[in-house]
Amino acid sequence: MIIIDLLCDQGHRFEGWFASGEAFRDQSQRHLVLCPHCQTSGVSQLPSAPHLKRGATELAPSAKPPAVPPAPALARLHEALVSMAKKAENVGERFPEEARRIHYDEAPARSIRGVATIDETRELLEEGIVVLPAPVPPDDELH
Ligand SMILES: [Zn+2]
């Protein structure tokens with residue numbers, strides 16, 4: 001019994017067990033040697049290569065568990081906004097006024113959220129008041 005390294009025309013490498021090299025050539029010529037992966041009979045003998053590791057013809061399934069796909073960035077951003085908004089006091093349309101009062105120490109420093117027009121936001125920024133324009137999640141997500 002001999003073991004012959006074989007390669008099918010689809011690129012699969014496998015080992016065949018034969019009574020002799022003559023038996024392999026005989027079966028191969030009669031298309032009796034089939035690739036175990038794709039059943040093609042287009043199989044040829046690999047040149048004997050001692051440096052090739054036995055068993056390397058089989059692709060070992062990866063031992064690593066599949067990586068957890070990262071949560072979509074948008075979902076994370078949304079969660080962060082909801083979390084920020086939950087902690088912030090909702091001052092609604094008084095936002096520019098409250099932001100100013102906090103900035104000038106006329107009101108206790110705290111996180112607030114609310115609405116401001118583009119003009120109001122620009123004025124706040126020009127006064128050095130840091131505001132973060134962000135889409136505010138709907139209120140029903142904050143409870
Ligand atoms: Zn094959």
# chains A, B, ... in the order shown; residues from 1 in each chain; ligands from 1
$ residues_near_ligand --ligand "ligand 1" --cutoff "12 Å" --atoms "only C-alpha atoms and all ligand atoms" --output "NGL selection string"
:A and (6-15 or 33-44 or 57-58)
$ select_by_dssp --residues "segment 4-135 of chain A" --states "strand (DSSP E or B)" --output "list in words"
Ile4, Asp5, Leu6, Leu7, Cys8, Arg13, Phe14, Glu15, Gly16, Trp17, Phe18, Val43, Ser44, Gln45, Glu89, Asn90, Val91, Gly92, Ile112, Arg113 and Gly114 of chain A
